[in-house]
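Trainee: So that you have it, the file is run-v5.cif, and it contains mmCIF, C-alpha atoms:
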data_structure
#
loop_
_atom_site.label_atom_id
_atom_site.label_comp_id
_atom_site.auth_asym_id
_atom_site.auth_seq_id
_atom_site.Cartn_x
_atom_site.Cartn_y
_atom_site.Cartn_z
CA MET A 638 -57.22 -33.56 -20.94
CA ILE A 639 -58.92 -36.02 -23.25
CA ASP A 640 -56.88 -39.24 -23.17
CA ASP A 641 -57.31 -40.17 -26.83
CA ALA A 642 -56.88 -36.61 -28.14
CA PRO A 643 -53.85 -36.15 -30.40
CA THR A 644 -50.97 -34.26 -28.85
CA PRO A 645 -51.03 -30.68 -30.20
CA LEU A 646 -48.02 -29.57 -32.20
CA PHE A 647 -46.76 -26.10 -32.96
CA VAL A 648 -48.13 -24.76 -36.24
CA PRO A 649 -45.32 -23.29 -38.37
CA VAL A 650 -46.06 -19.72 -39.47
CA ALA A 651 -44.43 -16.38 -40.30
CA SER A 652 -45.94 -12.91 -40.38
CA ALA A 653 -45.16 -10.35 -43.05
CA THR A 654 -46.85 -7.63 -40.98
CA GLY A 655 -45.80 -8.21 -37.35
CA ALA A 656 -49.24 -9.44 -36.33
CA LEU A 657 -50.94 -12.83 -36.35
CA ASP A 658 -54.71 -13.32 -36.21
CA LEU A 659 -55.85 -16.62 -34.69
CA THR A 660 -59.39 -18.00 -34.81
CA TRP A 661 -60.86 -21.17 -33.23
CA PRO A 662 -64.28 -22.47 -32.27
CA PRO A 663 -65.11 -20.91 -28.87
CA PHE A 664 -64.68 -23.37 -25.99
CA VAL A 665 -64.55 -23.46 -22.20
CA ALA A 666 -61.21 -23.32 -20.38
CA HIS A 667 -60.12 -21.68 -17.14
CA GLU A 668 -56.95 -20.35 -18.75
CA LEU A 669 -55.78 -20.05 -22.36
CA HIS A 670 -52.45 -18.86 -23.72
CA VAL A 671 -51.21 -18.52 -27.26
CA TRP A 672 -47.70 -19.97 -27.20
CA ILE A 673 -45.30 -18.41 -29.71
CA LEU A 674 -42.08 -20.33 -30.22
CA LEU A 675 -39.34 -18.07 -31.55
CA THR A 676 -36.90 -20.81 -32.51
CA ALA A 677 -36.87 -24.52 -33.18
CA PRO A 678 -33.91 -26.73 -34.18
CA ASP A 679 -35.93 -28.99 -36.54
CA GLY A 680 -38.79 -26.62 -37.31
CA PRO A 681 -41.55 -25.67 -34.88
CA GLY A 682 -44.03 -28.23 -36.29
CA ALA A 683 -41.86 -31.10 -35.00
CA LEU A 684 -42.01 -30.02 -31.35
CA ASP A 685 -44.38 -31.73 -28.94
CA PRO A 686 -45.37 -29.28 -26.14
CA THR A 687 -45.81 -32.10 -23.60
CA THR A 688 -42.10 -32.97 -23.81
CA LEU A 689 -40.65 -29.46 -23.82
CA ASP A 690 -38.29 -28.55 -21.01
CA PRO A 691 -39.53 -25.09 -19.94
CA LEU A 692 -36.10 -24.04 -18.68
CA MET A 693 -34.51 -24.85 -22.07
CA LEU A 694 -37.01 -22.82 -24.07
CA LEU A 695 -37.89 -20.09 -21.57
CA ARG A 696 -36.11 -17.41 -23.61
CA GLU A 697 -37.59 -18.73 -26.85
CA LEU A 698 -41.25 -18.95 -25.82
CA ILE A 699 -43.77 -16.12 -25.51
CA ARG A 700 -47.08 -16.83 -23.78
CA VAL A 701 -49.89 -14.41 -24.61
CA PRO A 702 -53.12 -14.65 -22.57
CA ALA A 703 -56.31 -15.16 -24.61
CA GLN A 704 -59.98 -15.85 -23.94
CA ALA A 705 -61.11 -19.35 -24.98
CA ALA A 706 -64.75 -18.24 -25.29
CA ALA A 707 -63.82 -15.34 -27.62
CA GLY A 708 -62.70 -17.66 -30.40
CA ARG A 709 -60.07 -15.22 -31.64
CA ALA A 710 -56.91 -13.38 -30.67
CA ARG A 711 -54.32 -11.09 -32.24
CA VAL A 712 -50.70 -11.48 -31.20
CA PHE A 713 -47.68 -9.42 -32.19
CA VAL A 714 -44.58 -11.19 -33.44
CA PRO A 715 -41.28 -10.51 -35.22
CA VAL A 716 -41.69 -9.85 -38.96
CA ASP A 717 -40.77 -12.60 -41.45
CA ARG A 718 -39.34 -14.90 -38.78
CA PRO A 719 -40.20 -18.62 -38.79
CA LEU A 720 -42.33 -19.22 -35.69
CA GLY A 721 -44.40 -21.93 -34.10
CA VAL A 722 -47.86 -21.16 -32.68
CA LEU A 723 -49.93 -23.30 -30.30
CA LEU A 724 -53.03 -22.86 -28.13
CA MET A 725 -52.43 -24.12 -24.57
CA ALA A 726 -55.56 -24.39 -22.42
CA ARG A 727 -55.79 -25.39 -18.76
CA ASP A 728 -58.59 -26.22 -16.32
CA GLU A 729 -59.08 -24.76 -12.81
CA GLU A 730 -56.49 -27.18 -11.39
CA GLY A 731 -53.87 -26.25 -13.97
CA HIS A 732 -54.13 -29.47 -15.98
CA PRO A 733 -53.95 -29.20 -19.79
CA VAL A 734 -57.27 -29.20 -21.63
CA ALA A 735 -57.61 -30.15 -25.29
CA ALA A 736 -57.92 -26.98 -27.38
CA PRO A 737 -59.77 -27.08 -30.70
CA PRO A 738 -57.92 -26.76 -33.99
CA PHE A 739 -57.23 -23.16 -34.90
CA GLU A 740 -56.43 -21.10 -37.97
CA VAL A 741 -53.64 -18.56 -38.05
CA ARG A 742 -52.90 -15.92 -40.65
CA SER A 743 -50.90 -12.74 -40.94
CA GLY A 744 -52.77 -9.79 -39.42
CA PRO A 745 -52.87 -6.12 -40.38
CA PRO A 746 -49.65 -4.10 -40.46
CA VAL A 747 -48.45 -3.11 -37.01
CA ALA A 748 -46.89 0.16 -38.17
CA GLU A 749 -47.65 2.58 -40.94
CA PRO A 750 -45.03 2.91 -43.69
CA ALA A 751 -42.44 5.56 -42.91
CA ALA A 752 -43.32 9.03 -44.16
CA PRO A 753 -40.80 10.89 -46.32
CA PRO A 754 -38.47 13.09 -44.27
CA ALA A 755 -39.99 16.47 -43.45
CA GLU A 756 -38.25 19.67 -44.41
CA ARG A 757 -35.79 20.86 -41.83
CA SER A 758 -37.30 23.21 -39.29
CA ASP A 759 -35.79 25.15 -36.44
CA GLU A 760 -38.79 24.30 -34.26
CA PRO A 761 -38.23 21.44 -31.82
CA ARG A 762 -39.93 18.20 -32.75
CA ALA A 763 -42.87 17.14 -30.64
CA ARG A 764 -42.29 14.16 -28.44
CA PRO A 765 -44.33 11.12 -29.48
CA ALA A 766 -47.38 10.34 -27.37
CA ILE A 767 -46.79 7.55 -24.87
CA ALA A 768 -49.51 5.12 -23.88
CA ASP A 769 -50.67 5.06 -20.29
CA PRO A 770 -48.02 2.85 -18.62
CA LYS A 771 -50.64 1.42 -16.24
CA LYS A 772 -52.42 -0.14 -19.23
CA ILE A 773 -49.34 -1.76 -20.80
CA PRO A 774 -49.11 -5.41 -19.70
CA LEU A 775 -45.61 -6.52 -18.78
CA ILE A 776 -44.91 -10.22 -18.43
CA PHE A 777 -41.66 -11.38 -16.86
CA ALA A 778 -40.15 -14.85 -16.86
CA ARG A 779 -39.77 -16.90 -13.72
CA ALA A 780 -36.43 -17.20 -11.98
CA SER A 781 -34.19 -19.93 -13.38
CA ALA A 782 -30.80 -21.47 -12.68
CA ALA A 783 -29.19 -18.81 -14.89
CA GLN A 784 -31.07 -15.99 -13.12
CA PRO A 785 -31.97 -17.24 -9.61
CA ALA A 786 -33.62 -14.00 -8.42
CA PRO A 787 -36.42 -12.13 -10.16
CA PRO A 788 -35.57 -8.68 -11.50
CA ASN A 789 -35.88 -5.66 -9.19
CA PHE A 790 -39.28 -4.42 -10.42
CA GLU A 791 -39.09 -1.15 -8.47
CA LEU A 792 -35.77 -0.29 -10.12
CA LEU A 793 -37.16 -1.24 -13.55
CA ALA A 794 -40.25 0.92 -13.00
CA ARG A 795 -38.16 3.94 -11.98
CA GLY A 796 -35.92 3.49 -15.04
CA LEU A 797 -38.92 3.26 -17.38
CA ALA A 798 -40.58 6.29 -15.77
CA ALA A 799 -37.39 8.35 -16.13
CA ARG A 800 -36.96 7.29 -19.74
CA PHE A 801 -40.54 7.90 -20.87
CA SER A 802 -41.68 10.82 -18.69
CA PRO A 803 -42.23 14.12 -20.47
CA PRO A 804 -39.32 16.52 -20.13
CA PRO A 805 -39.65 19.17 -17.39
CA LYS A 806 -41.15 22.44 -18.61
CA LYS A 807 -38.64 25.28 -19.02
CA ASP A 808 -39.21 28.43 -17.04
CA GLU A 809 -40.01 31.35 -19.40
CA SER A 810 -38.67 34.03 -16.95
#
Could you rewrite the structure in this file as structure tokens?

Mentor:
Amino acid sequence: MIDDAPTPLFVPVASATGALDLTWPPFVAHELHVWILLTAPDGPGALDPTTLDPLMLLRELIRVPAQAAAGRARVFVPVDRPLGVLLMARDEEGHPVAAPPFEVRSGPPVAEPAAPPAERSDEPRARPAIADPKKIPLIFARASAAQPAPPNFELLARGLAARFSPPPKKDES
């Protein structure tokens, strides 16, 4: 980290659409995350990320991986909620690296407006298409004093598969 670089602060923002588009000058870093702070007692702009206690804010902080060289990222956030956003870059040894200033603005709508209700039909409704679960990134928090053991991932996977698997086909005999 550059010694005389100013300490980055969270940029206060809210999204009317559920998406935020970030842009920055491309730079070199081994690892880059967009930090999204979901709550802040005195406003997210007042928080200094170098003094944050990770265990205190673990439930309030989302870290989204990004590519420093890309110069842009889209992250999905709660609608109309005051948030704080920060770029956190690290070198190969895990030490913080100064990230360039960035711009953040509300992105395109995440969902289409609801369609008017369709006329009632006796035909069963089609089940919505489900994305390939192998392509959906899941990020879990580390164990903490409140939850000393990580979740049982095998049990979670079985529960998700049961919940989102297509229903068994009925025999037409």

Trainee: Evaluate the PyMOL selection byres ((chain A and resi 700) around 7) against this structure - the residues, as a short mmCIF file (atom, residue, chain, number, x, y, z; two decimals) with C-alpha atoms, in the frame of the given file, please.

Mentor:
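This is the output file part-v6.cif:
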data_model
loop_
_atom_site.label_atom_id
_atom_site.label_comp_id
_atom_site.auth_asym_id
_atom_site.auth_seq_id
_atom_site.Cartn_x
_atom_site.Cartn_y
_atom_site.Cartn_z
CA HIS A 670 -52.45 -18.86 -23.72
CA VAL A 671 -51.21 -18.52 -27.26
CA TRP A 672 -47.70 -19.97 -27.20
CA ILE A 673 -45.30 -18.41 -29.71
CA LEU A 698 -41.25 -18.95 -25.82
CA ILE A 699 -43.77 -16.12 -25.51
CA VAL A 701 -49.89 -14.41 -24.61
CA PRO A 702 -53.12 -14.65 -22.57
#

Trainee: One number please: atom CA of A:Arg718 to atom CA of A:Leu669, in Å, one decimal.

Mentor: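 Between atom CA of A:Arg718 and atom CA of A:Leu669 the gap is 23.8 Å.
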
Trainee: In Å, how far is it from atom CA of A:Glu729 to atom CA of A:Gly708?

Mentor: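 About the pair atom CA of A:Glu729 and atom CA of A:Gly708: they are 19.3 Å apart.
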
Trainee: In Å, with one decimal, what is the gap from atom CA of A:Gly655 to atom CA of A:Glu740?

Mentor: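 Interatomic distance, atom CA of A:Gly655 to atom CA of A:Glu740: 16.7 Å.
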
Trainee: Carefully work through the PyMOL selection byres ((chain A and resi 658) around 7) for this structure and note down the residues it includes, as a list in words.

Mentor: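 For this structure, the PyMOL selection byres ((chain A and resi 658) around 7) resolves to Ala656, Leu657, Leu659, Thr660, Ala710, Arg711, Val712, Val741, Arg742, Ser743 and Gly744 of chain A.
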
Trainee: Limited to C-alpha atoms, could you put the picked residues into a file as an mmCIF file, keeping the file's coordinate frame?

Mentor:
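The new file out_31.cif reads:
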data_model
loop_
_atom_site.group_PDB
_atom_site.id
_atom_site.type_symbol
_atom_site.label_atom_id
_atom_site.label_comp_id
_atom_site.auth_asym_id
_atom_site.auth_seq_id
_atom_site.Cartn_x
_atom_site.Cartn_y
_atom_site.Cartn_z
ATOM 1 C CA ALA A 656 -49.240 -9.440 -36.330
ATOM 2 C CA LEU A 657 -50.940 -12.830 -36.350
ATOM 3 C CA LEU A 659 -55.850 -16.620 -34.690
ATOM 4 C CA THR A 660 -59.390 -18.000 -34.810
ATOM 5 C CA ALA A 710 -56.910 -13.380 -30.670
ATOM 6 C CA ARG A 711 -54.320 -11.090 -32.240
ATOM 7 C CA VAL A 712 -50.700 -11.480 -31.200
ATOM 8 C CA VAL A 741 -53.640 -18.560 -38.050
ATOM 9 C CA ARG A 742 -52.900 -15.920 -40.650
ATOM 10 C CA SER A 743 -50.900 -12.740 -40.940
ATOM 11 C CA GLY A 744 -52.770 -9.790 -39.420
#

Trainee: Identify which of the residues A:Ala651, A:Leu720, A:Met725, A:Ala794 lies closest to A:Pro738, counting only C-alpha atoms when measuring atom-to-atom distances.

Mentor: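 Ranked by minimum distance to A:Pro738, first place goes to A:Met725.
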
Trainee: Taking only C-alpha atoms into account, name the residue in A:Ser652, A:Pro746, A:Arg696, A:Pro737 that is nearest to A:Val714.

Mentor: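 Checking each candidate against A:Val714, we get A:Ser652 as the closest.
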
Trainee: A:Gly721, A:Pro745, A:Pro733, A:Pro662: which is nearest A:Pro649, counting all atoms listed in the file?

Mentor: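 Of all the options, A:Gly721 lies closest to A:Pro649.
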
Trainee: Can you find the residues with an atom no farther than 6 Å from (-65.5, -20.4, -28.1), counting all atoms listed in the file, and report them as a list in words?

Mentor: Pro662, Pro663, Phe664, Ala705, Ala706, Ala707 and Gly708 of chain A
